[in-house]
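Colleague: my_file39.pdb is the file, holding PDB, C-alpha atoms:
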ATOM      1  CA  MET A   1     -11.439 -34.072 -34.694  1.00  0.00           C
ATOM      2  CA  ILE A   2      -8.789 -31.936 -33.030  1.00  0.00           C
ATOM      3  CA  SER A   3      -5.463 -31.882 -34.842  1.00  0.00           C
ATOM      4  CA  ASP A   4      -2.088 -32.383 -33.167  1.00  0.00           C
ATOM      5  CA  HIS A   5      -1.312 -28.708 -33.728  1.00  0.00           C
ATOM      6  CA  LYS A   6      -4.441 -27.666 -31.832  1.00  0.00           C
ATOM      7  CA  TRP A   7      -3.667 -30.102 -28.991  1.00  0.00           C
ATOM      8  CA  ASN A   8      -0.190 -28.597 -28.734  1.00  0.00           C
ATOM      9  CA  LEU A   9      -1.727 -25.123 -28.665  1.00  0.00           C
ATOM     10  CA  LEU A  10      -4.088 -26.176 -25.865  1.00  0.00           C
ATOM     11  CA  THR A  11      -1.197 -27.696 -23.920  1.00  0.00           C
ATOM     12  CA  ASP A  12       0.809 -24.471 -24.243  1.00  0.00           C
ATOM     13  CA  LEU A  13      -2.210 -22.386 -23.223  1.00  0.00           C
ATOM     14  CA  LYS A  14      -2.760 -24.627 -20.213  1.00  0.00           C
ATOM     15  CA  GLU A  15       0.847 -24.016 -19.087  1.00  0.00           C
ATOM     16  CA  ILE A  16       0.463 -20.253 -19.385  1.00  0.00           C
ATOM     17  CA  LEU A  17      -2.921 -20.115 -17.679  1.00  0.00           C
ATOM     18  CA  SER A  18      -1.840 -22.520 -14.937  1.00  0.00           C
ATOM     19  CA  LEU A  19       0.912 -20.033 -14.040  1.00  0.00           C
ATOM     20  CA  PHE A  20      -1.789 -17.388 -13.515  1.00  0.00           C
ATOM     21  CA  ALA A  21      -3.765 -19.870 -11.397  1.00  0.00           C
ATOM     22  CA  GLU A  22      -0.719 -20.706  -9.245  1.00  0.00           C
ATOM     23  CA  VAL A  23       0.118 -17.046  -8.694  1.00  0.00           C
ATOM     24  CA  THR A  24      -3.497 -16.227  -7.846  1.00  0.00           C
ATOM     25  CA  THR A  25      -3.637 -19.070  -5.329  1.00  0.00           C
ATOM     26  CA  GLU A  26      -0.292 -18.132  -3.781  1.00  0.00           C
ATOM     27  CA  LEU A  27      -1.121 -14.436  -3.476  1.00  0.00           C
ATOM     28  CA  GLY A  28      -4.557 -15.284  -2.099  1.00  0.00           C
ATOM     29  CA  GLY A  29      -3.000 -16.851   0.996  1.00  0.00           C
ATOM     30  CA  SER A  30      -3.919 -15.380   4.348  1.00  0.00           C
ATOM     31  CA  LYS A  31      -1.657 -17.317   6.687  1.00  0.00           C
ATOM     32  CA  TYR A  32       1.637 -15.958   5.328  1.00  0.00           C
ATOM     33  CA  VAL A  33       3.100 -12.736   3.965  1.00  0.00           C
ATOM     34  CA  THR A  34       2.367 -12.266   0.267  1.00  0.00           C
ATOM     35  CA  ASN A  35       3.454  -8.692  -0.492  1.00  0.00           C
ATOM     36  CA  SER A  36       7.110  -9.619  -0.909  1.00  0.00           C
ATOM     37  CA  LEU A  37       6.071 -12.369  -3.345  1.00  0.00           C
ATOM     38  CA  ARG A  38       3.950 -10.083  -5.514  1.00  0.00           C
ATOM     39  CA  ILE A  39       6.672  -8.434  -7.601  1.00  0.00           C
ATOM     40  CA  ARG A  40       8.688 -11.632  -7.962  1.00  0.00           C
ATOM     41  CA  MET A  41       5.627 -13.456  -9.306  1.00  0.00           C
ATOM     42  CA  LEU A  42       4.657 -10.572 -11.574  1.00  0.00           C
ATOM     43  CA  ILE A  43       8.130 -10.611 -13.134  1.00  0.00           C
ATOM     44  CA  GLU A  44       7.911 -14.394 -13.528  1.00  0.00           C
ATOM     45  CA  ILE A  45       4.621 -14.046 -15.415  1.00  0.00           C
ATOM     46  CA  ILE A  46       5.998 -11.245 -17.593  1.00  0.00           C
ATOM     47  CA  ASN A  47       9.067 -13.321 -18.450  1.00  0.00           C
ATOM     48  CA  THR A  48       6.819 -16.246 -19.388  1.00  0.00           C
ATOM     49  CA  LEU A  49       4.645 -14.079 -21.620  1.00  0.00           C
ATOM     50  CA  THR A  50       7.488 -12.223 -23.290  1.00  0.00           C
ATOM     51  CA  THR A  51       8.395 -13.854 -26.573  1.00  0.00           C
ATOM     52  CA  ASN A  52      10.325 -10.888 -27.910  1.00  0.00           C
ATOM     53  CA  PRO A  53      10.751  -8.142 -25.268  1.00  0.00           C
ATOM     54  CA  SER A  54      11.395  -5.311 -27.720  1.00  0.00           C
ATOM     55  CA  GLU A  55       8.288  -6.247 -29.702  1.00  0.00           C
ATOM     56  CA  ASN A  56       6.109  -6.267 -26.594  1.00  0.00           C
ATOM     57  CA  TYR A  57       7.415  -2.929 -25.367  1.00  0.00           C
ATOM     58  CA  THR A  58       6.713  -1.183 -28.651  1.00  0.00           C
ATOM     59  CA  ASN A  59       3.241  -2.600 -29.197  1.00  0.00           C
ATOM     60  CA  ASN A  60       1.804  -1.813 -25.755  1.00  0.00           C
ATOM     61  CA  ASP A  61      -0.392   1.089 -26.821  1.00  0.00           C
ATOM     62  CA  GLU A  62      -1.587  -0.641 -29.962  1.00  0.00           C
ATOM     63  CA  GLN A  63      -2.909  -3.694 -28.108  1.00  0.00           C
ATOM     64  CA  GLU A  64      -6.603  -3.802 -27.415  1.00  0.00           C
ATOM     65  CA  ASP A  65      -7.959  -4.750 -24.028  1.00  0.00           C
ATOM     66  CA  ALA A  66      -8.355  -8.517 -23.790  1.00  0.00           C
ATOM     67  CA  PHE A  67     -11.447  -8.021 -21.648  1.00  0.00           C
ATOM     68  CA  GLU A  68     -13.357  -5.890 -24.133  1.00  0.00           C
ATOM     69  CA  ASP A  69     -16.329  -7.498 -25.829  1.00  0.00           C
ATOM     70  CA  GLU A  70     -15.452  -8.029 -29.460  1.00  0.00           C
ATOM     71  CA  GLY A  71     -18.921  -9.094 -30.523  1.00  0.00           C
ATOM     72  CA  ASN A  72     -20.551 -12.420 -31.162  1.00  0.00           C
ATOM     73  CA  PHE A  73     -18.431 -15.354 -32.214  1.00  0.00           C
ATOM     74  CA  ASN A  74     -19.547 -18.232 -34.351  1.00  0.00           C
ATOM     75  CA  ILE A  75     -18.139 -21.211 -32.450  1.00  0.00           C
ATOM     76  CA  SER A  76     -18.807 -23.598 -35.310  1.00  0.00           C
ATOM     77  CA  LYS A  77     -16.450 -21.649 -37.576  1.00  0.00           C
ATOM     78  CA  PRO A  78     -12.818 -22.906 -37.467  1.00  0.00           C
ATOM     79  CA  VAL A  79     -10.213 -20.605 -35.965  1.00  0.00           C
ATOM     80  CA  LEU A  80      -6.847 -20.019 -37.562  1.00  0.00           C
ATOM     81  CA  THR A  81      -4.423 -21.153 -34.848  1.00  0.00           C
ATOM     82  CA  PHE A  82      -1.159 -20.182 -36.533  1.00  0.00           C
ATOM     83  CA  GLY A  83       0.401 -17.476 -34.344  1.00  0.00           C
ATOM     84  CA  LEU A  84      -2.535 -17.596 -31.931  1.00  0.00           C
ATOM     85  CA  LEU A  85      -0.375 -18.496 -28.926  1.00  0.00           C
ATOM     86  CA  ASP A  86       1.910 -15.504 -29.506  1.00  0.00           C
ATOM     87  CA  GLU A  87      -1.123 -13.259 -29.977  1.00  0.00           C
ATOM     88  CA  ILE A  88      -2.654 -14.455 -26.695  1.00  0.00           C
ATOM     89  CA  LYS A  89       0.654 -14.019 -24.870  1.00  0.00           C
ATOM     90  CA  SER A  90       1.019 -10.552 -26.359  1.00  0.00           C
ATOM     91  CA  LYS A  91      -2.484  -9.523 -25.240  1.00  0.00           C
ATOM     92  CA  LEU A  92      -1.945 -10.905 -21.752  1.00  0.00           C
ATOM     93  CA  TYR A  93       1.381  -9.068 -21.569  1.00  0.00           C
ATOM     94  CA  ALA A  94      -0.192  -5.816 -22.782  1.00  0.00           C
ATOM     95  CA  ASN A  95      -2.919  -6.048 -20.159  1.00  0.00           C
ATOM     96  CA  LEU A  96      -0.429  -6.832 -17.404  1.00  0.00           C
ATOM     97  CA  ASN A  97       1.571  -3.831 -18.547  1.00  0.00           C
ATOM     98  CA  LYS A  98      -1.615  -1.753 -18.486  1.00  0.00           C
ATOM     99  CA  TYR A  99      -2.339  -2.591 -14.843  1.00  0.00           C
ATOM    100  CA  TYR A 100       1.297  -2.769 -13.685  1.00  0.00           C
ATOM    101  CA  PRO A 101       3.129  -0.338 -15.992  1.00  0.00           C
ATOM    102  CA  THR A 102       6.347  -0.093 -13.987  1.00  0.00           C
ATOM    103  CA  ILE A 103       7.860  -1.819 -11.025  1.00  0.00           C
ATOM    104  CA  THR A 104       8.515   0.915  -8.521  1.00  0.00           C
ATOM    105  CA  THR A 105      11.207   1.062  -5.906  1.00  0.00           C
ATOM    106  CA  ASP A 106       8.516   1.264  -3.218  1.00  0.00           C
ATOM    107  CA  ALA A 107       7.055  -2.012  -4.418  1.00  0.00           C
ATOM    108  CA  LEU A 108      10.426  -3.741  -4.066  1.00  0.00           C
ATOM    109  CA  ILE A 109      10.995  -2.617  -0.452  1.00  0.00           C
ATOM    110  CA  SER A 110       9.064  -5.573   0.955  1.00  0.00           C
ATOM    111  CA  SER A 111      10.998  -7.965  -1.272  1.00  0.00           C
ATOM    112  CA  ILE A 112      14.437  -6.716  -0.261  1.00  0.00           C
ATOM    113  CA  LEU A 113      13.488  -6.872   3.421  1.00  0.00           C
ATOM    114  CA  ASP A 114      12.263 -10.458   3.067  1.00  0.00           C
ATOM    115  CA  PRO A 115      15.256 -12.766   3.677  1.00  0.00           C
ATOM    116  CA  ARG A 116      13.985 -15.167   1.001  1.00  0.00           C
ATOM    117  CA  PHE A 117      14.208 -12.537  -1.745  1.00  0.00           C
ATOM    118  CA  LYS A 118      16.796 -10.032  -0.470  1.00  0.00           C
ATOM    119  CA  SER A 119      19.124 -10.732  -3.388  1.00  0.00           C
ATOM    120  CA  LEU A 120      16.430  -9.472  -5.783  1.00  0.00           C
ATOM    121  CA  ASP A 121      17.685 -11.991  -8.335  1.00  0.00           C
ATOM    122  CA  PHE A 122      14.456 -11.478 -10.279  1.00  0.00           C
ATOM    123  CA  ALA A 123      14.942  -7.712 -10.700  1.00  0.00           C
ATOM    124  CA  PRO A 124      17.188  -5.939 -13.215  1.00  0.00           C
ATOM    125  CA  ASP A 125      20.576  -4.757 -11.914  1.00  0.00           C
ATOM    126  CA  GLU A 126      19.705  -1.051 -12.175  1.00  0.00           C
ATOM    127  CA  GLN A 127      16.566  -1.687 -10.094  1.00  0.00           C
ATOM    128  CA  LYS A 128      18.675  -3.464  -7.444  1.00  0.00           C
ATOM    129  CA  ILE A 129      20.989  -0.459  -7.180  1.00  0.00           C
ATOM    130  CA  LYS A 130      18.032   1.940  -6.941  1.00  0.00           C
ATOM    131  CA  ILE A 131      16.358  -0.063  -4.183  1.00  0.00           C
ATOM    132  CA  GLU A 132      19.566  -0.311  -2.134  1.00  0.00           C
ATOM    133  CA  GLN A 133      20.080   3.461  -2.451  1.00  0.00           C
ATOM    134  CA  TYR A 134      16.438   4.099  -1.592  1.00  0.00           C
ATOM    135  CA  LEU A 135      16.647   1.871   1.492  1.00  0.00           C
ATOM    136  CA  TYR A 136      19.752   3.739   2.635  1.00  0.00           C
ATOM    137  CA  GLU A 137      18.008   7.103   2.058  1.00  0.00           C
ATOM    138  CA  LEU A 138      15.026   5.926   4.112  1.00  0.00           C
ATOM    139  CA  PHE A 139      17.369   4.960   6.916  1.00  0.00           C
ATOM    140  CA  GLU A 140      19.137   8.333   6.780  1.00  0.00           C
ATOM    141  CA  LYS A 141      15.794  10.153   6.782  1.00  0.00           C
ATOM    142  CA  GLU A 142      14.593   8.144   9.768  1.00  0.00           C
ATOM    143  CA  LYS A 143      17.898   8.709  11.538  1.00  0.00           C
ATOM    144  CA  GLY A 144      17.581  12.461  10.930  1.00  0.00           C
ATOM    145  CA  GLY A 145      14.026  12.437  12.267  1.00  0.00           C
ATOM    146  CA  GLN A 146      15.183  10.662  15.414  1.00  0.00           C
ATOM    147  CA  LYS A 147      17.984  13.207  15.958  1.00  0.00           C
ATOM    148  CA  GLU A 148      15.490  16.048  15.599  1.00  0.00           C
ATOM    149  CA  THR A 149      13.120  14.406  18.043  1.00  0.00           C
ATOM    150  CA  SER A 150      15.913  13.730  20.511  1.00  0.00           C
ATOM    151  CA  ASN A 151      17.148  17.347  20.344  1.00  0.00           C
ATOM    152  CA  ASN A 152      13.656  18.655  21.140  1.00  0.00           C
ATOM    153  CA  SER A 153      13.300  16.444  24.201  1.00  0.00           C
ATOM    154  CA  HIS A 154      14.545  17.833  27.520  1.00  0.00           C
ATOM    155  CA  ILE A 155      13.298  15.119  29.847  1.00  0.00           C
ATOM    156  CA  SER A 156      15.955  13.608  32.039  1.00  0.00           C
ATOM    157  CA  SER A 157      16.008  10.339  33.892  1.00  0.00           C
ATOM    158  CA  GLY A 158      16.456   9.929  37.633  1.00  0.00           C
ATOM    159  CA  SER A 159      20.049   8.744  37.195  1.00  0.00           C
ATOM    160  CA  GLY A 160      21.176  12.120  35.887  1.00  0.00           C
ATOM    161  CA  LEU A 161      21.641  10.969  32.237  1.00  0.00           C
ATOM    162  CA  SER A 162      19.467  12.915  29.847  1.00  0.00           C
ATOM    163  CA  ILE A 163      17.184  11.123  27.438  1.00  0.00           C
ATOM    164  CA  ASN A 164      18.968  13.007  24.651  1.00  0.00           C
ATOM    165  CA  LYS A 165      22.291  11.399  25.512  1.00  0.00           C
ATOM    166  CA  LEU A 166      20.684   7.977  25.733  1.00  0.00           C
ATOM    167  CA  VAL A 167      18.976   8.420  22.374  1.00  0.00           C
ATOM    168  CA  LEU A 168      22.128   9.759  20.706  1.00  0.00           C
ATOM    169  CA  ASN A 169      24.198   6.894  22.083  1.00  0.00           C
ATOM    170  CA  THR A 170      21.542   4.451  20.903  1.00  0.00           C
ATOM    171  CA  MET A 171      21.506   6.091  17.471  1.00  0.00           C
ATOM    172  CA  LYS A 172      25.282   5.840  17.184  1.00  0.00           C
ATOM    173  CA  ASP A 173      25.030   2.168  18.047  1.00  0.00           C
ATOM    174  CA  LYS A 174      22.182   1.762  15.546  1.00  0.00           C
ATOM    175  CA  GLU A 175      24.172   3.509  12.816  1.00  0.00           C
ATOM    176  CA  ALA A 176      27.127   1.198  13.376  1.00  0.00           C
ATOM    177  CA  ASP A 177      24.727  -1.743  13.455  1.00  0.00           C
ATOM    178  CA  TYR A 178      23.106  -0.494  10.242  1.00  0.00           C
ATOM    179  CA  GLN A 179      26.445  -0.264   8.458  1.00  0.00           C
ATOM    180  CA  ILE A 180      27.235  -3.831   9.515  1.00  0.00           C
ATOM    181  CA  PHE A 181      23.675  -4.912   8.691  1.00  0.00           C
ATOM    182  CA  THR A 182      23.664  -3.479   5.174  1.00  0.00           C
ATOM    183  CA  SER A 183      27.085  -4.811   4.296  1.00  0.00           C
ATOM    184  CA  ASN A 184      26.189  -8.285   5.587  1.00  0.00           C
ATOM    185  CA  TYR A 185      22.557  -8.291   4.497  1.00  0.00           C
ATOM    186  CA  MET A 186      23.177  -7.171   0.940  1.00  0.00           C
ATOM    187  CA  ALA A 187      26.052  -9.625   0.485  1.00  0.00           C
TER     188      ALA A 187
END
Show the structure stored in the file as structure tokens.

Modeller:
Amino acid sequence: MISDHKWNLLTDLKEILSLFAEVTTELGGSKYVTNSLRIRMLIEIINTLTTNPSENYTNNDEQEDAFEDEGNFNISKPVLTFGLLDEIKSKLYANLNKYYPTITTDALISSILDPRFKSLDFAPDEQKIKIEQYLYELFEKEKGGQKETSNNSHISSGSGLSINKLVLNTMKDKEADYQIFTSNYMA
């Protein structure tokens, strides 16, 4: 006979594992963009698994791999369930941390460019600042590359306006548009 405590444990495990199932199903979609969802869902799983964040961060290297074979188990022998849920969550967290050790700025680019997640409400504040700075740096780098390309081009159009002037005027317009875009988009 299964005790109430064990039923509660199974219910809690079902909730945790169903989150993995939902994320797997959602990220397995092929008719919609999933890359911008990836980091948001990973953070959601990590937050669900984290019982005590400082404890999980310090024990990462000490955790064994949950997928390693630990030998034969005697299924007729009772299992001590006290603390088992926290142990399972800790092992799942350690393995997630093993495969996804840090959330990089590059990984968040798709999320910030997706209108659904542009606020990055799931990311820490320092990560939000880094991604906004990184996006601005990418824009500046691209803008510099376009200026260099436009300066090397000496083709002129039939109307007498050079391509360089057209590109530079377009870039000035784009820069003004970008300033408006970033201030409105990030708001």

Colleague: Measuring atom to atom with all atoms listed in the file, identify which of A:Tyr100, A:Lys6, A:Leu19, A:Leu37 is nearest to A:Pro115.

Modeller: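 The answer is A:Leu37, which sits nearest to A:Pro115.
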
Colleague: What gap, in Å, lies between atom CA of A:Asn47 and atom CA of A:Asp4?

Modeller: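 Interatomic distance here is 26.5 Å.
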
Colleague: Could you work out how far atom CA of A:Gly83 lies from atom CA of A:Thr24, giving the answer in Å with one decimal?

Modeller: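 Going from atom CA of A:Thr24 over to atom CA of A:Gly83, I get 26.8 Å.
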
Colleague: If you measure from atom CA of A:Glu26 to atom CA of A:Asp114, what distance in Å do you get, rounded to one decimal?

Modeller: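 Those two atoms sit 16.2 Å apart.
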
Colleague: Can you translate the PyMOL selection byres ((chain A and resi 107) around 12) into the concrete residues it hits in this file, as a list in words?

Modeller: Asn35, Ser36, Leu37, Arg38, Ile39, Arg40, Leu42, Tyr100, Thr102, Ile103, Thr104, Thr105, Asp106, Leu108, Ile109, Ser110, Ser111, Ile112, Leu113, Ala123, Gln127, Lys130, Ile131, Tyr134 and Leu135 of chain A

Colleague: I need the residues from that last selection saved to file as a short mmCIF file (atom, residue, chain, number, x, y, z; two decimals), keeping the file's coordinate frame (with C-alpha atoms), if you can.

Modeller:
data_model
loop_
_atom_site.label_atom_id
_atom_site.label_comp_id
_atom_site.auth_asym_id
_atom_site.auth_seq_id
_atom_site.Cartn_x
_atom_site.Cartn_y
_atom_site.Cartn_z
CA ASN A 35 3.45 -8.69 -0.49
CA SER A 36 7.11 -9.62 -0.91
CA LEU A 37 6.07 -12.37 -3.34
CA ARG A 38 3.95 -10.08 -5.51
CA ILE A 39 6.67 -8.43 -7.60
CA ARG A 40 8.69 -11.63 -7.96
CA LEU A 42 4.66 -10.57 -11.57
CA TYR A 100 1.30 -2.77 -13.68
CA THR A 102 6.35 -0.09 -13.99
CA ILE A 103 7.86 -1.82 -11.02
CA THR A 104 8.52 0.92 -8.52
CA THR A 105 11.21 1.06 -5.91
CA ASP A 106 8.52 1.26 -3.22
CA LEU A 108 10.43 -3.74 -4.07
CA ILE A 109 11.00 -2.62 -0.45
CA SER A 110 9.06 -5.57 0.96
CA SER A 111 11.00 -7.96 -1.27
CA ILE A 112 14.44 -6.72 -0.26
CA LEU A 113 13.49 -6.87 3.42
CA ALA A 123 14.94 -7.71 -10.70
CA GLN A 127 16.57 -1.69 -10.09
CA LYS A 130 18.03 1.94 -6.94
CA ILE A 131 16.36 -0.06 -4.18
CA TYR A 134 16.44 4.10 -1.59
CA LEU A 135 16.65 1.87 1.49
#

Colleague: Show which residues sit within 12 Å of A:Ala21, as a list in words. Count only C-alpha atoms, and ignore same-chain residues fewer than 6 positions away.

Modeller: Lys14, Glu15, Leu27, Gly28, Met41 and Ile45 of chain A

Colleague: I'd like to see the residues matched by the PyMOL selection byres ((chain A and resi 17) around 12) on this file, and ideally I'd get them as JSON, numbers by chain.

Modeller: {"A": [10, 11, 12, 13, 14, 15, 16, 18, 19, 20, 21, 22, 23, 24, 45, 48, 49, 85, 88, 89, 92]}

Colleague: Taking all listed atoms of stretch 76-90 of chain A, build the axis-aligned box, pad each of the six sides by 3 Å, then write its centre and edge lengths in Å to one decimal as AutoDock Vina command-line options.

Modeller:
--center_x -8.4 --center_y -17.1 --center_z -31.2 --size_x 26.7 --size_y 19.0 --size_z 18.7

Colleague: Find the spatial neighbours of stretch 74-78 of chain A, counting all atoms listed in the file, within a cut-off of 12 Å - ignore same-chain residues fewer than 5 positions away - and output them as a list in words.

Modeller: Met1, Ile2, Ser3 and Lys6 of chain A
